[in-house]
$ cat target06.cif   # mmCIF, C-alpha atoms
data_query
#
loop_
_atom_site.label_atom_id
_atom_site.label_comp_id
_atom_site.auth_asym_id
_atom_site.auth_seq_id
_atom_site.Cartn_x
_atom_site.Cartn_y
_atom_site.Cartn_z
CA MET A 996 42.60 37.47 -6.89
CA LYS A 997 42.44 37.33 -3.13
CA GLN A 998 46.22 37.71 -3.00
CA VAL A 999 46.03 40.84 -5.17
CA GLU A 1000 43.46 42.32 -2.82
CA ASN A 1001 45.51 41.42 0.26
CA ILE A 1002 48.66 42.94 -1.21
CA ALA A 1003 46.78 46.15 -2.05
CA VAL A 1004 45.48 46.41 1.51
CA GLN A 1005 48.95 45.98 2.96
CA LEU A 1006 50.53 48.45 0.54
CA ALA A 1007 47.79 50.97 1.32
CA GLN A 1008 48.50 50.61 5.03
CA ALA A 1009 52.25 50.96 4.52
CA ASP A 1010 51.94 53.91 2.14
CA ALA A 1011 48.72 55.76 3.01
CA ALA A 1012 49.54 58.63 0.67
CA HIS A 1013 49.07 56.28 -2.30
CA ALA A 1014 46.37 54.03 -0.83
CA ALA A 1015 43.78 54.96 -3.43
CA ASN A 1016 46.19 54.09 -6.25
CA TYR A 1017 46.94 50.66 -4.78
CA LYS A 1018 43.26 49.91 -4.33
CA GLN A 1019 42.31 51.10 -7.82
CA ASN A 1020 45.15 49.18 -9.47
CA ALA A 1021 44.19 46.05 -7.55
CA ALA A 1022 40.53 46.41 -8.53
CA GLU A 1023 41.46 46.81 -12.21
CA TYR A 1024 43.78 43.81 -12.06
CA VAL A 1025 41.11 41.66 -10.41
CA VAL A 1026 38.74 42.52 -13.27
CA ARG A 1027 41.40 41.35 -15.75
CA LEU A 1028 41.91 38.13 -13.78
CA GLU A 1029 38.16 37.49 -13.66
CA LYS A 1030 37.99 37.84 -17.45
CA LEU A 1031 40.87 35.39 -17.85
CA ARG A 1032 39.18 32.93 -15.47
CA SER A 1033 35.95 33.14 -17.50
CA LYS A 1034 37.87 32.60 -20.73
CA MET A 1035 39.65 29.59 -19.22
CA ARG A 1036 36.38 28.07 -17.99
CA ALA A 1037 34.83 28.52 -21.42
CA GLY A 1038 37.85 26.90 -23.07
CA LEU A 1039 37.71 23.90 -20.73
CA LYS A 1040 33.92 23.53 -20.71
CA ASN A 1041 33.66 20.78 -23.34
CA LEU A 1042 36.63 18.61 -22.37
CA GLN A 1043 36.00 14.90 -22.78
CA THR A 1044 38.18 14.12 -19.76
CA ARG A 1045 38.95 16.24 -16.72
CA ASP A 1046 42.21 14.38 -15.97
CA ILE A 1047 45.48 16.28 -16.21
CA ILE A 1048 49.13 15.43 -15.58
CA THR A 1049 51.31 18.12 -14.03
CA PHE A 1050 55.06 18.48 -13.83
CA HIS A 1051 55.06 19.25 -10.11
CA GLU A 1052 52.64 19.53 -7.21
CA ALA A 1053 51.94 23.25 -7.56
CA PHE A 1054 48.56 22.95 -9.26
CA PRO A 1055 45.92 21.62 -6.84
CA TYR A 1056 44.34 25.09 -6.57
CA PHE A 1057 44.22 25.28 -10.39
CA ALA A 1058 42.59 21.86 -10.64
CA ARG A 1059 39.95 22.81 -8.06
CA GLU A 1060 39.24 26.14 -9.72
CA PHE A 1061 38.62 24.55 -13.12
CA ASN A 1062 37.11 21.23 -12.01
CA LEU A 1063 40.08 19.16 -13.16
CA ASN A 1064 41.50 15.97 -11.72
CA ILE A 1065 45.26 15.63 -11.23
CA ALA A 1066 45.80 12.08 -12.49
CA ALA A 1067 49.57 12.12 -11.98
CA VAL A 1068 52.50 14.33 -11.03
CA ILE A 1069 55.70 13.84 -13.03
CA GLU A 1070 58.16 15.78 -10.87
CA ARG A 1071 57.33 15.49 -7.16
CA GLU A 1072 60.27 17.68 -6.12
CA PRO A 1073 61.77 20.54 -8.16
CA GLY A 1074 64.79 19.38 -10.15
CA SER A 1075 64.07 15.68 -9.73
CA GLU A 1076 63.46 13.44 -12.69
CA PRO A 1077 60.81 10.71 -12.80
CA SER A 1078 62.11 7.15 -12.59
CA ALA A 1079 61.70 4.76 -15.51
CA CYS A 1080 59.33 2.71 -13.35
CA SER A 1081 57.08 5.67 -12.61
CA LEU A 1082 56.95 6.64 -16.30
CA ARG A 1083 56.07 3.08 -17.26
CA THR A 1084 53.36 2.94 -14.61
CA ARG A 1085 51.83 6.23 -15.77
CA SER A 1086 51.79 5.23 -19.42
CA LYS A 1087 49.56 2.19 -18.81
#
$ encode --input "target06.cif" --output "structure tokens"
Amino acid sequence: MKQVENIAVQLAQADAAHAANYKQNAAEYVVRLEKLRSKMRAGLKNLQTRDIITFHEAFPYFAREFNLNIAAVIEREPGSEPSACSLRTRSK
């Protein structure tokens, strides 16, 4: 949501003639994102465990936002495959 707001500010500065449109569109989009965040929190509220496994290391912000714990990361670098040893270790 902060990124949406920052983009709108920069677009408004670069194109002052349409500044109001950028700001209004950003505000409307932030409202939609806030609704989605609330829906996600409600959906995750009653989880028995907060541990998740991700496919790469792009989700720390997501885990923080929704009070989740990244227990493991399968693909540390894009395009790489996990080794048999790392899969065995994670499955224990």
$ residues_around --input "target06.cif" --residues "stretch 1013-1020 of chain A" --least-positions-apart "3" --cutoff "12 Å" --atoms "all atoms listed in the file" --output "number ranges by chain"
A: 999-1010, 1023-1027
$ closest_residue --input "target06.cif" --among "A:Phe1061, A:Glu1052, A:Cys1080, A:Ile1069" --to "A:Gly1038" --atoms "only C-alpha atoms"
A:Phe1061
$ residues_around --input "target06.cif" --residues "A:Leu1063" --least-positions-apart "3" --cutoff "6 Å" --atoms "all atoms listed in the file" --output "ChimeraX atom specification"
/A:1045-1046,1058
$ atom_distance --input "target06.cif" --atom1 "atom CA of A:Ala1067" --atom2 "atom CA of A:Thr1044"
13.9 Å
$ atom_distance --input "target06.cif" --atom1 "atom CA of A:Leu1028" --atom2 "atom CA of A:Met996"
7.0 Å
$ atom_distance --input "target06.cif" --atom1 "atom CA of A:Leu1042" --atom2 "atom CA of A:Pro1055"
18.3 Å
$ decode --input "target06.cif" --residues "stretch 1051-1063 of chain A" --atoms "N, CA, C and O atoms" --output "mmCIF file, in the first residue's frame"
data_model
loop_
_atom_site.group_PDB
_atom_site.id
_atom_site.type_symbol
_atom_site.label_atom_id
_atom_site.label_comp_id
_atom_site.auth_asym_id
_atom_site.auth_seq_id
_atom_site.Cartn_x
_atom_site.Cartn_y
_atom_site.Cartn_z
ATOM 1 N N HIS A 1051 10.574 -19.603 -2.382
ATOM 2 C CA HIS A 1051 11.787 -18.783 -2.446
ATOM 3 C C HIS A 1051 11.714 -17.719 -1.357
ATOM 4 O O HIS A 1051 10.721 -17.605 -0.647
ATOM 5 N N GLU A 1052 12.750 -16.950 -1.220
ATOM 6 C CA GLU A 1052 12.876 -16.037 -0.082
ATOM 7 C C GLU A 1052 12.223 -14.671 -0.330
ATOM 8 O O GLU A 1052 12.695 -13.659 0.158
ATOM 9 N N ALA A 1053 11.109 -14.643 -1.017
ATOM 10 C CA ALA A 1053 10.450 -13.376 -1.322
ATOM 11 C C ALA A 1053 9.309 -13.063 -0.358
ATOM 12 O O ALA A 1053 8.594 -12.104 -0.573
ATOM 13 N N PHE A 1054 9.129 -13.832 0.689
ATOM 14 C CA PHE A 1054 7.935 -13.675 1.504
ATOM 15 C C PHE A 1054 8.119 -13.235 2.956
ATOM 16 O O PHE A 1054 7.171 -13.312 3.735
ATOM 17 N N PRO A 1055 9.268 -12.754 3.380
ATOM 18 C CA PRO A 1055 9.378 -12.312 4.777
ATOM 19 C C PRO A 1055 8.379 -11.210 5.137
ATOM 20 O O PRO A 1055 7.800 -11.218 6.212
ATOM 21 N N TYR A 1056 8.159 -10.256 4.236
ATOM 22 C CA TYR A 1056 7.192 -9.188 4.503
ATOM 23 C C TYR A 1056 5.796 -9.779 4.692
ATOM 24 O O TYR A 1056 5.018 -9.344 5.551
ATOM 25 N N PHE A 1057 5.442 -10.776 3.900
ATOM 26 C CA PHE A 1057 4.138 -11.430 3.976
ATOM 27 C C PHE A 1057 3.989 -12.135 5.327
ATOM 28 O O PHE A 1057 2.962 -12.016 5.994
ATOM 29 N N ALA A 1058 5.034 -12.849 5.719
ATOM 30 C CA ALA A 1058 5.008 -13.557 6.999
ATOM 31 C C ALA A 1058 4.836 -12.578 8.156
ATOM 32 O O ALA A 1058 4.047 -12.823 9.075
ATOM 33 N N ARG A 1059 5.566 -11.476 8.122
ATOM 34 C CA ARG A 1059 5.428 -10.466 9.188
ATOM 35 C C ARG A 1059 4.017 -9.883 9.213
ATOM 36 O O ARG A 1059 3.415 -9.737 10.278
ATOM 37 N N GLU A 1060 3.515 -9.540 8.064
ATOM 38 C CA GLU A 1060 2.186 -8.917 7.963
ATOM 39 C C GLU A 1060 1.092 -9.796 8.561
ATOM 40 O O GLU A 1060 0.169 -9.312 9.198
ATOM 41 N N PHE A 1061 1.206 -11.117 8.361
ATOM 42 C CA PHE A 1061 0.151 -12.023 8.784
ATOM 43 C C PHE A 1061 0.561 -12.934 9.938
ATOM 44 O O PHE A 1061 -0.068 -13.958 10.178
ATOM 45 N N ASN A 1062 1.606 -12.526 10.649
ATOM 46 C CA ASN A 1062 2.055 -13.248 11.842
ATOM 47 C C ASN A 1062 2.306 -14.731 11.554
ATOM 48 O O ASN A 1062 1.808 -15.611 12.249
ATOM 49 N N LEU A 1063 3.070 -14.980 10.505
ATOM 50 C CA LEU A 1063 3.426 -16.342 10.111
ATOM 51 C C LEU A 1063 4.916 -16.544 10.318
ATOM 52 O O LEU A 1063 5.694 -15.589 10.331
#
